[in-house]
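Student: Sending over target18.cif (mmCIF, C-alpha atoms).
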data_target
loop_
_atom_site.label_atom_id
_atom_site.label_comp_id
_atom_site.auth_asym_id
_atom_site.auth_seq_id
_atom_site.Cartn_x
_atom_site.Cartn_y
_atom_site.Cartn_z
CA MET A 135 -55.70 262.68 117.34
CA SER A 136 -58.60 264.79 118.57
CA ILE A 137 -57.86 268.01 120.47
CA THR A 138 -59.93 268.39 123.64
CA LEU A 139 -61.15 271.93 124.19
CA THR A 140 -62.21 273.50 127.49
CA ASP A 141 -64.99 275.85 128.60
CA GLN A 142 -62.62 278.78 128.06
CA ASP A 143 -62.00 277.75 124.44
CA ARG A 144 -65.71 277.64 123.57
CA PRO A 145 -67.48 279.99 126.02
CA GLU A 146 -70.47 280.26 123.67
CA LEU A 147 -71.12 276.51 124.00
CA GLN A 148 -70.85 276.57 127.78
CA LYS A 149 -73.19 279.56 127.88
CA ALA A 150 -75.73 277.71 125.70
CA ILE A 151 -75.97 274.72 128.05
CA GLU A 152 -76.05 276.97 131.12
CA GLU A 153 -79.03 278.77 129.58
CA MET A 154 -80.73 275.38 129.14
CA VAL A 155 -80.38 274.81 132.88
CA ASP A 156 -81.79 278.30 133.49
CA SER A 157 -84.82 277.37 131.35
CA GLY A 158 -85.72 274.49 133.65
CA PHE A 159 -83.49 271.48 132.97
CA THR A 160 -81.82 269.92 136.01
CA GLY A 161 -78.58 269.19 134.17
CA VAL A 162 -77.08 269.14 130.68
CA THR A 163 -73.93 267.63 129.19
CA MET A 164 -72.81 268.24 125.63
CA ARG A 165 -70.09 266.93 123.33
CA VAL A 166 -69.17 268.64 120.06
CA HIS A 167 -66.77 267.25 117.45
CA ASP A 168 -65.85 269.66 114.66
CA GLU A 169 -62.89 271.16 112.81
CA ARG A 170 -61.63 272.70 116.08
CA GLY A 171 -61.46 269.32 117.87
CA GLU A 172 -63.62 267.94 120.64
CA TRP A 173 -65.41 270.07 123.23
CA VAL A 174 -67.14 268.58 126.25
CA GLY A 175 -69.03 270.48 128.92
CA SER A 176 -71.72 270.16 131.55
CA ALA A 177 -73.99 272.46 133.53
CA GLY A 178 -76.55 272.12 136.29
CA VAL A 179 -76.55 269.25 138.77
CA ARG A 180 -76.23 265.49 138.68
CA LYS A 181 -78.87 265.11 141.37
CA LEU A 182 -81.39 267.46 142.99
CA GLY A 183 -80.17 268.76 146.32
CA GLU A 184 -76.51 268.22 145.45
CA SER A 185 -73.97 270.53 143.82
CA ALA A 186 -71.97 268.12 141.64
CA LYS A 187 -72.34 268.68 137.91
CA PRO A 188 -73.67 265.91 135.64
CA PRO A 189 -70.82 263.56 134.62
CA THR A 190 -69.67 264.29 131.06
CA ASN A 191 -69.21 260.54 130.52
CA GLY A 192 -72.55 259.70 132.13
CA HIS A 193 -75.08 257.11 130.99
CA VAL A 194 -78.55 258.31 130.02
CA ARG A 195 -81.80 256.83 128.79
CA ILE A 196 -81.75 258.00 125.16
CA GLY A 197 -85.45 257.69 124.40
CA SER A 198 -86.26 257.77 120.71
CA ASN A 199 -82.63 257.82 119.63
CA THR A 200 -83.24 254.09 120.10
CA LYS A 201 -85.20 254.24 116.84
CA THR A 202 -82.07 255.12 114.86
CA PHE A 203 -80.24 252.11 116.29
CA THR A 204 -83.23 249.84 115.61
CA ALA A 205 -83.67 251.11 112.05
CA THR A 206 -79.95 250.56 111.41
CA VAL A 207 -80.20 246.92 112.52
CA VAL A 208 -83.24 246.38 110.26
CA LEU A 209 -81.35 247.89 107.32
CA GLN A 210 -78.28 245.78 108.11
CA LEU A 211 -80.53 242.70 107.95
CA VAL A 212 -81.85 244.02 104.62
CA ALA A 213 -78.21 244.16 103.46
CA GLU A 214 -77.76 240.56 104.64
CA GLY A 215 -80.77 239.51 102.56
CA LYS A 216 -82.87 238.50 105.58
CA ILE A 217 -85.48 241.28 105.26
CA GLY A 218 -87.06 243.01 102.27
CA LEU A 219 -87.81 246.71 102.73
CA ASP A 220 -90.95 246.59 100.62
CA VAL A 221 -92.21 243.21 101.80
CA PRO A 222 -95.45 243.14 103.86
CA VAL A 223 -94.70 242.97 107.58
CA ALA A 224 -97.42 240.30 107.80
CA ASP A 225 -95.14 237.94 105.85
CA TYR A 226 -92.66 238.00 108.75
CA LEU A 227 -95.11 238.42 111.66
CA PRO A 228 -98.29 236.64 110.56
CA GLU A 229 -99.51 236.19 114.12
CA PHE A 230 -100.84 239.76 114.35
CA GLY A 231 -103.17 239.63 111.33
CA MET A 232 -101.81 242.95 110.09
CA ASP A 233 -102.98 244.87 107.03
CA ARG A 234 -100.91 243.39 104.20
CA ARG A 235 -100.35 246.82 102.71
CA ILE A 236 -98.03 247.71 105.62
CA THR A 237 -94.41 247.17 104.56
CA VAL A 238 -91.17 247.13 106.53
CA ARG A 239 -90.28 250.53 105.02
CA MET A 240 -93.52 252.00 106.41
CA LEU A 241 -92.57 250.91 109.93
CA LEU A 242 -89.20 252.63 109.74
CA GLN A 243 -90.68 255.81 108.23
CA HIS A 244 -93.82 256.04 110.42
CA THR A 245 -96.15 255.79 107.42
CA SER A 246 -97.96 252.58 108.45
CA GLY A 247 -100.87 254.40 110.12
CA VAL A 248 -100.89 252.05 113.13
CA PHE A 249 -102.07 253.46 116.47
CA ASN A 250 -99.37 254.69 118.86
CA PHE A 251 -99.58 252.45 121.95
CA THR A 252 -98.33 255.26 124.24
CA GLY A 253 -101.32 257.40 123.17
CA GLU A 254 -102.36 259.21 120.04
CA TYR A 255 -102.62 262.98 119.63
CA TYR A 256 -105.07 263.98 116.90
CA ASP A 257 -105.09 267.14 114.82
CA ASP A 258 -108.30 268.38 116.49
CA GLY A 259 -106.51 268.46 119.85
CA THR A 260 -108.01 265.26 121.24
CA PHE A 261 -105.88 262.56 122.87
CA ALA A 262 -106.61 258.83 122.76
CA PRO A 263 -104.74 257.09 125.60
CA GLY A 264 -102.87 253.82 125.23
CA ILE A 265 -100.92 252.19 128.07
CA PRO A 266 -100.14 254.37 131.14
CA ALA A 267 -97.21 256.29 129.60
CA THR A 268 -95.61 259.46 130.98
CA THR A 269 -98.69 261.45 129.95
CA ALA A 270 -100.66 259.50 132.61
CA GLY A 271 -99.28 261.16 135.75
CA GLN A 272 -99.36 259.08 138.94
CA GLU A 273 -100.66 256.02 137.07
CA TRP A 274 -97.36 255.88 135.15
CA VAL A 275 -95.35 256.37 138.37
CA ASP A 276 -97.21 253.52 140.05
CA ASN A 277 -96.64 251.23 137.05
CA ARG A 278 -93.03 252.13 136.29
CA PHE A 279 -91.60 248.74 137.31
CA LYS A 280 -94.21 246.72 135.42
CA THR A 281 -93.06 244.49 132.56
CA TYR A 282 -94.89 244.90 129.28
CA LEU A 283 -94.38 242.31 126.56
CA PRO A 284 -93.73 243.86 123.14
CA GLU A 285 -96.34 241.52 121.63
CA ASP A 286 -98.96 242.90 124.03
CA LEU A 287 -98.09 246.50 123.12
CA VAL A 288 -98.54 245.63 119.45
CA ARG A 289 -101.85 243.84 120.06
CA LEU A 290 -103.16 246.83 122.01
CA ALA A 291 -102.22 249.18 119.17
CA LEU A 292 -103.73 246.96 116.49
CA SER A 293 -106.99 246.74 118.46
CA LYS A 294 -107.44 250.51 117.93
CA PRO A 295 -108.52 252.20 114.69
CA ALA A 296 -105.68 252.94 112.27
CA ARG A 297 -104.81 256.60 111.95
CA PHE A 298 -104.82 256.45 108.14
CA GLU A 299 -104.54 254.02 105.24
CA PRO A 300 -101.02 252.53 105.02
CA GLY A 301 -98.59 254.71 103.09
CA THR A 302 -100.96 257.67 102.64
CA ASP A 303 -99.67 259.94 105.42
CA TRP A 304 -97.08 260.28 108.20
CA SER A 305 -97.58 259.97 111.95
CA TYR A 306 -95.02 259.20 114.63
CA ALA A 307 -95.87 255.96 116.45
CA ASN A 308 -93.72 253.97 118.85
CA THR A 309 -95.67 250.89 117.72
CA ASN A 310 -93.80 250.91 114.40
CA TYR A 311 -90.50 250.34 116.19
CA VAL A 312 -91.81 247.65 118.51
CA LEU A 313 -92.90 245.82 115.37
CA ALA A 314 -89.39 246.44 113.97
CA ARG A 315 -87.92 244.86 117.11
CA LEU A 316 -90.15 241.78 116.76
CA LEU A 317 -89.19 241.60 113.09
CA ILE A 318 -85.47 241.65 113.98
CA GLU A 319 -85.96 238.90 116.54
CA LYS A 320 -88.07 236.75 114.19
CA VAL A 321 -85.70 236.78 111.21
CA SER A 322 -82.48 236.54 113.23
CA GLY A 323 -83.58 234.07 115.90
CA ARG A 324 -81.81 236.26 118.47
CA SER A 325 -82.89 238.97 120.91
CA VAL A 326 -82.75 242.57 119.74
CA ALA A 327 -79.95 243.17 122.31
CA GLU A 328 -77.89 240.33 120.82
CA GLU A 329 -78.38 241.58 117.25
CA MET A 330 -77.53 245.13 118.35
CA GLN A 331 -74.32 243.79 119.89
CA ARG A 332 -73.43 241.78 116.78
CA LEU A 333 -74.10 244.49 114.24
CA ILE A 334 -73.43 247.84 115.96
CA LEU A 335 -72.21 247.85 119.56
CA GLY A 336 -69.46 245.25 119.11
CA PRO A 337 -68.05 246.51 115.78
CA LEU A 338 -68.00 250.14 116.99
CA GLY A 339 -66.82 249.37 120.54
CA LEU A 340 -69.85 251.06 122.14
CA THR A 341 -69.25 249.79 125.66
CA GLY A 342 -71.47 252.46 127.24
CA THR A 343 -74.55 251.51 125.21
CA ALA A 344 -77.14 248.87 126.05
CA ALA A 345 -80.62 247.70 125.09
CA PRO A 346 -81.92 246.85 128.58
CA THR A 347 -85.44 245.72 127.48
CA THR A 348 -86.75 245.05 131.03
CA GLN A 349 -83.80 245.81 133.36
CA SER A 350 -84.46 248.80 135.60
CA GLU A 351 -80.88 249.77 136.50
CA ILE A 352 -78.73 252.31 134.65
CA PRO A 353 -74.93 251.98 134.87
CA GLU A 354 -72.83 254.44 136.85
CA PRO A 355 -71.98 257.18 136.41
CA HIS A 356 -75.27 258.88 135.56
CA ALA A 357 -77.33 261.94 136.31
CA HIS A 358 -80.78 261.46 137.82
CA ALA A 359 -84.18 261.62 136.13
CA TYR A 360 -87.31 262.96 137.81
CA TYR A 361 -91.06 262.94 137.35
CA ARG A 362 -93.50 265.47 138.82
CA TYR A 363 -97.17 264.69 139.40
CA GLU A 364 -100.12 265.73 141.53
CA ASP A 365 -101.19 263.57 144.47
CA ALA A 366 -104.23 264.63 146.52
CA GLY A 367 -103.84 268.20 145.30
CA ARG A 368 -100.11 268.44 146.12
CA GLN A 369 -97.14 268.39 143.74
CA LYS A 370 -94.78 265.47 144.22
CA THR A 371 -91.42 264.99 142.50
CA VAL A 372 -89.97 261.47 142.47
CA ASP A 373 -86.67 260.07 141.27
CA VAL A 374 -87.48 257.78 138.31
CA THR A 375 -83.89 257.03 137.25
CA ARG A 376 -84.62 253.36 137.98
CA GLN A 377 -87.57 252.10 135.95
CA ASN A 378 -88.52 249.16 133.76
CA PRO A 379 -88.28 250.56 130.21
CA SER A 380 -90.45 247.83 128.67
CA TRP A 381 -93.37 250.31 128.65
CA ILE A 382 -91.67 252.10 125.73
CA SER A 383 -89.82 249.00 124.42
CA SER A 384 -87.71 249.65 121.31
CA GLY A 385 -89.60 252.88 120.78
CA GLY A 386 -87.08 254.31 123.25
CA ASP A 387 -85.59 251.90 125.82
CA MET A 388 -81.84 252.16 125.17
CA ILE A 389 -79.08 253.61 127.35
CA SER A 390 -75.97 255.34 125.98
CA THR A 391 -73.43 258.15 126.49
CA THR A 392 -72.55 261.29 124.51
CA GLN A 393 -69.31 259.61 123.40
CA ASP A 394 -71.07 256.50 122.11
CA LEU A 395 -73.78 258.54 120.38
CA HIS A 396 -71.06 260.55 118.63
CA THR A 397 -69.25 257.37 117.55
CA PHE A 398 -72.51 255.82 116.34
CA ILE A 399 -73.94 258.72 114.33
CA SER A 400 -70.59 259.61 112.73
CA ALA A 401 -70.01 255.95 111.76
CA LEU A 402 -73.56 255.60 110.46
CA VAL A 403 -73.59 258.65 108.20
CA GLY A 404 -69.94 258.01 107.31
CA GLY A 405 -70.94 254.72 105.66
CA LYS A 406 -69.36 252.30 108.12
CA LEU A 407 -72.58 250.47 109.03
CA LEU A 408 -74.68 250.38 105.85
CA PRO A 409 -74.05 249.97 102.12
CA ALA A 410 -74.27 253.30 100.29
CA PRO A 411 -77.66 252.61 98.60
CA LEU A 412 -79.34 251.73 101.93
CA LEU A 413 -77.75 254.71 103.70
CA ALA A 414 -79.12 256.92 100.91
CA GLU A 415 -82.60 255.45 101.45
CA MET A 416 -82.29 255.97 105.21
CA CYS A 417 -81.48 259.65 104.68
CA THR A 418 -84.18 260.35 102.07
CA PRO A 419 -86.79 262.40 103.92
CA HIS A 420 -90.56 262.01 103.75
CA PRO A 421 -91.96 265.24 102.25
CA LYS A 422 -94.35 265.92 105.15
CA VAL A 423 -91.88 266.08 108.02
CA GLY A 424 -88.40 265.26 106.78
CA TYR A 425 -88.22 261.82 108.38
CA GLY A 426 -86.18 259.16 106.60
CA LEU A 427 -85.84 255.60 107.88
CA GLY A 428 -85.10 256.15 111.57
CA VAL A 429 -83.60 259.64 111.22
CA PHE A 430 -84.82 263.19 110.73
CA VAL A 431 -83.20 265.05 107.82
CA GLN A 432 -83.34 268.76 108.59
CA ASP A 433 -82.20 271.82 106.69
CA THR A 434 -80.54 274.58 108.67
CA ASP A 435 -81.27 278.19 107.78
CA CYS A 436 -77.58 278.75 107.19
CA GLY A 437 -77.68 276.45 104.18
CA GLY A 438 -76.65 273.08 105.59
CA THR A 439 -78.33 269.81 106.50
CA VAL A 440 -78.23 267.78 109.70
CA ILE A 441 -79.04 264.11 110.22
CA THR A 442 -80.61 263.77 113.64
CA HIS A 443 -82.82 262.06 116.18
CA ASN A 444 -83.66 263.26 119.64
CA GLY A 445 -85.44 261.45 122.43
CA GLY A 446 -86.99 262.05 125.83
CA MET A 447 -87.59 259.27 128.32
CA ALA A 448 -89.20 260.19 131.66
CA GLY A 449 -86.71 262.77 132.95
CA HIS A 450 -83.79 261.76 130.74
CA ALA A 451 -83.23 262.91 127.17
CA ALA A 452 -80.54 262.72 124.51
CA LEU A 453 -79.70 264.77 121.42
CA MET A 454 -77.82 263.44 118.40
CA TYR A 455 -76.93 265.58 115.37
CA SER A 456 -74.43 265.17 112.54
CA THR A 457 -73.55 266.78 109.25
CA PRO A 458 -74.23 264.33 106.37
CA ASP A 459 -70.52 263.44 106.13
CA GLY A 460 -70.12 262.80 109.86
CA GLY A 461 -67.48 265.51 110.10
CA LYS A 462 -69.31 267.60 112.69
CA THR A 463 -71.46 266.14 115.47
CA LEU A 464 -73.34 267.38 118.51
CA THR A 465 -74.47 264.89 121.15
CA ALA A 466 -75.98 265.84 124.47
CA THR A 467 -77.74 264.40 127.49
CA LEU A 468 -80.39 266.15 129.57
CA ASN A 469 -81.89 265.42 132.95
CA TYR A 470 -85.07 267.10 134.14
CA ALA A 471 -88.39 266.69 135.93
CA ASP A 472 -90.87 265.30 133.42
CA ASP A 473 -94.64 265.55 133.87
CA ALA A 474 -97.91 264.59 132.22
CA ALA A 475 -98.26 268.04 130.63
CA LEU A 476 -94.81 267.83 128.96
CA SER A 477 -94.10 271.23 130.52
CA LEU A 478 -90.52 271.41 129.25
CA GLY A 479 -91.50 270.78 125.62
CA GLU A 480 -91.20 274.40 124.57
CA ALA A 481 -87.90 274.88 126.43
CA PHE A 482 -86.61 271.70 124.74
CA GLN A 483 -87.53 273.10 121.31
CA LYS A 484 -85.87 276.45 121.93
CA ALA A 485 -82.77 274.88 123.44
CA THR A 486 -82.17 272.48 120.56
CA GLN A 487 -82.64 275.29 118.03
CA ARG A 488 -80.11 277.38 119.93
CA LEU A 489 -77.58 274.54 120.01
CA ILE A 490 -77.93 273.89 116.26
CA LYS A 491 -77.38 277.58 115.62
CA GLU A 492 -74.22 277.63 117.75
CA VAL A 493 -72.68 274.40 116.47
CA PHE A 494 -73.82 274.07 112.85
CA CYS A 495 -74.36 277.71 111.89
CA GLY A 496 -71.51 279.33 113.80
CA GLY A 497 -73.97 281.23 115.97
CA GLN A 498 -75.65 282.77 112.93
CA ALA A 499 -79.39 283.48 112.96
CA GLY A 500 -81.59 280.63 111.80
CA SER A 501 -81.82 277.04 112.89
CA ALA A 502 -83.26 273.67 112.05
CA ASP A 503 -86.62 272.67 113.44
CA ALA A 504 -86.09 270.49 116.45
CA ALA A 505 -87.89 267.23 116.92
CA GLU A 506 -89.81 266.97 120.17
CA PRO A 507 -88.86 264.34 122.68
CA ALA A 508 -90.83 261.28 121.67
CA ARG A 509 -93.21 259.88 124.19
#
Show me the file's structure as C-alpha cells.
Tutor:
Amino acid sequence: MSITLTDQDRPELQKAIEEMVDSGFTGVTMRVHDERGEWVGSAGVRKLGESAKPPTNGHVRIGSNTKTFTATVVLQLVAEGKIGLDVPVADYLPEFGMDRRITVRMLLQHTSGVFNFTGEYYDDGTFAPGIPATTAGQEWVDNRFKTYLPEDLVRLALSKPARFEPGTDWSYANTNYVLARLLIEKVSGRSVAEEMQRLILGPLGLTGTAAPTTQSEIPEPHAHAYYRYEDAGRQKTVDVTRQNPSWISSGGDMISTTQDLHTFISALVGGKLLPAPLLAEMCTPHPKVGYGLGVFVQDTDCGGTVITHNGGMAGHAALMYSTPDGGKTLTATLNYADDAALSLGEAFQKATQRLIKEVFCGGQAGSADAAEPAR
C-alpha cells in the first residue's frame, strides 16, 4: 500500500511548485510516486480572485498528453492486427489523396512532413497560420465554442505545402494525430472515445479521464483556465475553462487528473498496455529530438532516462514523466493565463527542468530538456 506524504515530508517539492506560481502560473498541483511513497501538493489558486488552492484531484485539459493516449490506441490496434505500422496511411484513409510515402509510423513520430493545422513555425522565424488557434488572440476567443470536424482540419493541412518529404525530417504537427484519430475510427468502426474506453480507460479504471471531442464542459472539481488578449488597446483576461476542444481535436483535446495520468504512464511503460516489442518501438527515440511514437525519451544529466509528454491547452496544462520501469512518476496540472505570444513558455521550460531535477535527480544539478506545451 502506498504511503501518502505531506508538505512537511517533502518541503523541496512544495517549494518547487510554489516557485512555479511565483513565476506566473495561477495554480499548480503535483503528484509524485517514488520509493518514499506518494506525495501530493498544490500551490496558487483554483480561480482568480479567490483564495482556495487548486484541488489535488482536479480535472484538467491535458493538451498534447492526448497524443500519448492516441498513440497507445493505435499501437494496441497494431497488436490486434488491424493496423500496420509501416503501411501507407492512404490505404486506410484514401479519401484524402495523401502522399503514399506517409506511413502510420510517421504520423505517430511526427516525421510525415504534413502542415500543422494550428499554424507552422519555420526555422527562419516566420509563422504560417492555420485555423484560429491560441496564437490568434481575440479571434480564437471569439471562436472557442465553434465545432471543427477532424476531416476539415486534415483537409486544411493537406491544402498547404508539406514541410519536408515524408520520413526525411522531424516536425511536430497536430495534424498527424488527427489523422491517427481518423485511422482509429476507420479501422475499428467506433469513435475514438469508445476505443479509448475499451482499450485504456476501462481496463485501467481511469474514471477521471475523457476524450470530450466537442463537449465544452470539464467535470468538477477543476481549477480555472484563462486567456489574455488585447481588445481596442486594452488587456482583457477571460475565463476559457469552458471551450469546445474540437479546434485541437486529438492533437490535445482530452481531460484527465494527476492520479489517472500516473496510473496511465506507469501502466504503459510497465508493459500492461502493449506487447514488449511495440512498447520498445514506442520508446525508441528519433535522433533529431528524442521523440518515439507518442512519447519523448529524454536523458537526465544525472544519468537516467525519463519517458514523458507534456501539453498546454489554452490556460490548462499537464505534465507526465516516468522512469522507464514505471517505478517513479511525476504528474502535474497547471492553470494559467495563456496568450497569443505564449508568454509563459520560458517559465514553463524552467519549471519543468526544476521539477525533473528535484524528482528524478534528487535535486542534483542537471535536468532533462523539457518539451514545450504543444499548441
Student: Excluding stretch 315-319 of chain A and any residue of its chain fewer than 6 positions from it, enumerate the residues within 12 Å of it, using all atoms listed in the file, and give them as a PyMOL selection string.
Tutor: chain A and resi 200-201+203-212+216-219+221-230+237-238+241-242+283-288+308-309+325-330+333+345+347+382-387
Student: Quick one: residues within 8 Å of A:Asn378, all atoms listed in the file, excluding same-chain residues fewer than 4 positions away - as a list in words?
Tutor: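 Answer for this query is Arg278, Phe279, Lys280, Thr281, Thr347, Thr348, Gln349 and Ser350 of chain A.
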Student: Set the distance at 6 Å and use all atoms listed in the file: which residues neighbour A:Gly264 once local chain neighbours fewer than 4 positions away are removed? I'd like the list as a short mmCIF file (atom, residue, chain, number, x, y, z; two decimals) with C-alpha atoms, keeping the file's coordinate frame.
Tutor:
data_model
loop_
_atom_site.label_atom_id
_atom_site.label_comp_id
_atom_site.auth_asym_id
_atom_site.auth_seq_id
_atom_site.Cartn_x
_atom_site.Cartn_y
_atom_site.Cartn_z
CA PHE A 251 -99.58 252.45 121.95
CA THR A 252 -98.33 255.26 124.24
CA GLY A 253 -101.32 257.40 123.17
#
Student: Compare A:Leu402, A:Ser305, A:Glu254, A:Val312 by their minimum atom-to-atom distance to A:Pro337, counting all atoms listed in the file, and give me the closest one.
Tutor: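 Ranked by minimum distance to A:Pro337, first place goes to A:Leu402.
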Student: In Å, rounded to a single decimal, give me how far atom CA of A:Ala296 is from atom CA of A:Ser322.
Tutor: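 That distance, rounded to one decimal, is 28.4 Å.
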Student: Separation of atom CA of A:His396 and atom CA of A:Lys422, in Å?
Tutor: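 About the pair atom CA of A:His396 and atom CA of A:Lys422: they are 27.4 Å apart.
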Student: Could you check which of A:Gly460, A:Pro266, A:Gly496, A:Gly301 is closest to A:Trp381, using only C-alpha atoms?
Tutor: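 Smallest distance to A:Trp381 is found for A:Pro266.
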Student: With distances taken over all atoms listed in the file, which residue among A:Trp274, A:Phe261, A:Tyr455, A:Tyr360 lies nearest A:Leu468?
Tutor: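 So, comparing all the options, the nearest one is A:Tyr360.
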Student: Would you mind listing what lies within 7 Å of stretch 187-195 of chain A as JSON, numbers by chain, with all atoms listed in the file counted and same-chain residues fewer than 5 positions away left out?
Tutor: {"A": [161, 162, 163, 174, 175, 176, 177, 178, 179, 180, 342, 353, 354, 355, 356, 357, 387, 388, 389, 390, 391, 392, 447, 450, 451, 467]}
Student: As an exercise, work out the distance from atom CA of A:Gly247 to atom CA of A:Asp233 in Å and give it to one decimal place.
Tutor: 10.2 Å
Student: Exactly which residues make up the result of the PyMOL selection byres ((chain A and resi 429) around 7) on this file, given as JSON, numbers by chain?
Tutor: {"A": [202, 417, 425, 426, 427, 428, 430, 431, 441, 442, 443]}
Student: Which is closest to A:Thr302 among A:His420, A:Arg324, A:Gly404, A:Leu338, if we use only C-alpha atoms?
Tutor: A:His420
Student: Find the residues near A:Lys149: any atom within 12 Å, counting all atoms listed in the file, skip ones fewer than 3 places away on the same chain, and give them as a ChimeraX atom specification.
Tutor: /A:141-146,152-156,162,164,175-178,485,488-489,492
Student: Counting only C-alpha atoms, which residue out of A:Ala267, A:Leu313, A:Ala475, A:Ala359 sits closest to A:Arg376?
Tutor: A:Ala359
Student: Counting all atoms listed in the file, figure out which residue out of A:Asp459, A:Pro421, A:Gly437, A:Ala474 gets nearest to A:Gly405.
Tutor: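 Looking at the shortest contact to A:Gly405, the residue is A:Asp459.
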Student: The PyMOL selection byres ((chain A and resi 363) around 10) on the file shown: which residues, as a VMD selection string?
Tutor: chain A and resid 270 to 275 361 to 362 364 to 365 367 to 372 471 to 475
Student: For this structure, which residues satisfy the selection - the PyMOL selection byres ((chain A and resi 464) around 9) - when it is evaluated on the file as given? I want them as number ranges by chain.
Tutor: A: 164-168, 392, 396, 453-456, 462-463, 465-466, 489-490, 493-494
Student: Kindly write stretch 286-292 of chain A with all heavy atoms to a file, as a JSON list (two decimals), in the first residue's frame.
Tutor:
[["chain", "number", "residue", "atom", "x", "y", "z"],
["A", 286, "ASP", "N", -12.08, 18.23, -41.71],
["A", 286, "ASP", "CA", -11.81, 19.56, -42.24],
["A", 286, "ASP", "C", -10.44, 20.07, -41.82],
["A", 286, "ASP", "O", -9.76, 20.77, -42.59],
["A", 286, "ASP", "CB", -12.90, 20.54, -41.79],
["A", 286, "ASP", "CG", -14.25, 20.26, -42.44],
["A", 286, "ASP", "OD1", -14.27, 19.52, -43.46],
["A", 286, "ASP", "OD2", -15.28, 20.75, -41.93],
["A", 287, "LEU", "N", -10.03, 19.75, -40.59],
["A", 287, "LEU", "CA", -8.69, 20.13, -40.14],
["A", 287, "LEU", "C", -7.62, 19.47, -41.01],
["A", 287, "LEU", "O", -6.63, 20.08, -41.39],
["A", 287, "LEU", "CB", -8.50, 19.74, -38.67],
["A", 287, "LEU", "CG", -9.45, 20.39, -37.66],
["A", 287, "LEU", "CD1", -9.22, 19.81, -36.26],
["A", 287, "LEU", "CD2", -9.30, 21.90, -37.65],
["A", 288, "VAL", "N", -7.85, 18.19, -41.33],
["A", 288, "VAL", "CA", -6.90, 17.45, -42.17],
["A", 288, "VAL", "C", -6.86, 18.05, -43.57],
["A", 288, "VAL", "O", -5.79, 18.27, -44.15],
["A", 288, "VAL", "CB", -7.27, 15.95, -42.21],
["A", 288, "VAL", "CG1", -6.50, 15.23, -43.32],
["A", 288, "VAL", "CG2", -6.98, 15.30, -40.85],
["A", 289, "ARG", "N", -8.04, 18.34, -44.13],
["A", 289, "ARG", "CA", -8.08, 18.89, -45.49],
["A", 289, "ARG", "C", -7.38, 20.24, -45.56],
["A", 289, "ARG", "O", -6.68, 20.55, -46.53],
["A", 289, "ARG", "CB", -9.53, 19.00, -45.98],
["A", 289, "ARG", "CG", -10.13, 17.63, -46.31],
["A", 289, "ARG", "CD", -11.47, 17.74, -47.04],
["A", 289, "ARG", "NE", -12.01, 16.40, -47.24],
["A", 289, "ARG", "CZ", -12.92, 15.84, -46.45],
["A", 289, "ARG", "NH1", -13.39, 16.50, -45.41],
["A", 289, "ARG", "NH2", -13.35, 14.61, -46.69],
["A", 290, "LEU", "N", -7.58, 21.07, -44.53],
["A", 290, "LEU", "CA", -6.87, 22.35, -44.48],
["A", 290, "LEU", "C", -5.37, 22.13, -44.51],
["A", 290, "LEU", "O", -4.64, 22.76, -45.29],
["A", 290, "LEU", "CB", -7.27, 23.13, -43.22],
["A", 290, "LEU", "CG", -6.39, 24.37, -42.95],
["A", 290, "LEU", "CD1", -6.70, 25.47, -43.95],
["A", 290, "LEU", "CD2", -6.58, 24.87, -41.52],
["A", 291, "ALA", "N", -4.90, 21.21, -43.66],
["A", 291, "ALA", "CA", -3.45, 20.96, -43.57],
["A", 291, "ALA", "C", -2.89, 20.43, -44.89],
["A", 291, "ALA", "O", -1.82, 20.85, -45.34],
["A", 291, "ALA", "CB", -3.16, 19.97, -42.44],
["A", 292, "LEU", "N", -3.64, 19.53, -45.52],
["A", 292, "LEU", "CA", -3.14, 18.93, -46.76],
["A", 292, "LEU", "C", -3.23, 19.88, -47.94],
["A", 292, "LEU", "O", -2.61, 19.64, -48.99],
["A", 292, "LEU", "CB", -3.90, 17.63, -47.05],
["A", 292, "LEU", "CG", -3.69, 16.50, -46.04],
["A", 292, "LEU", "CD1", -4.56, 15.29, -46.39],
["A", 292, "LEU", "CD2", -2.22, 16.09, -45.94]]
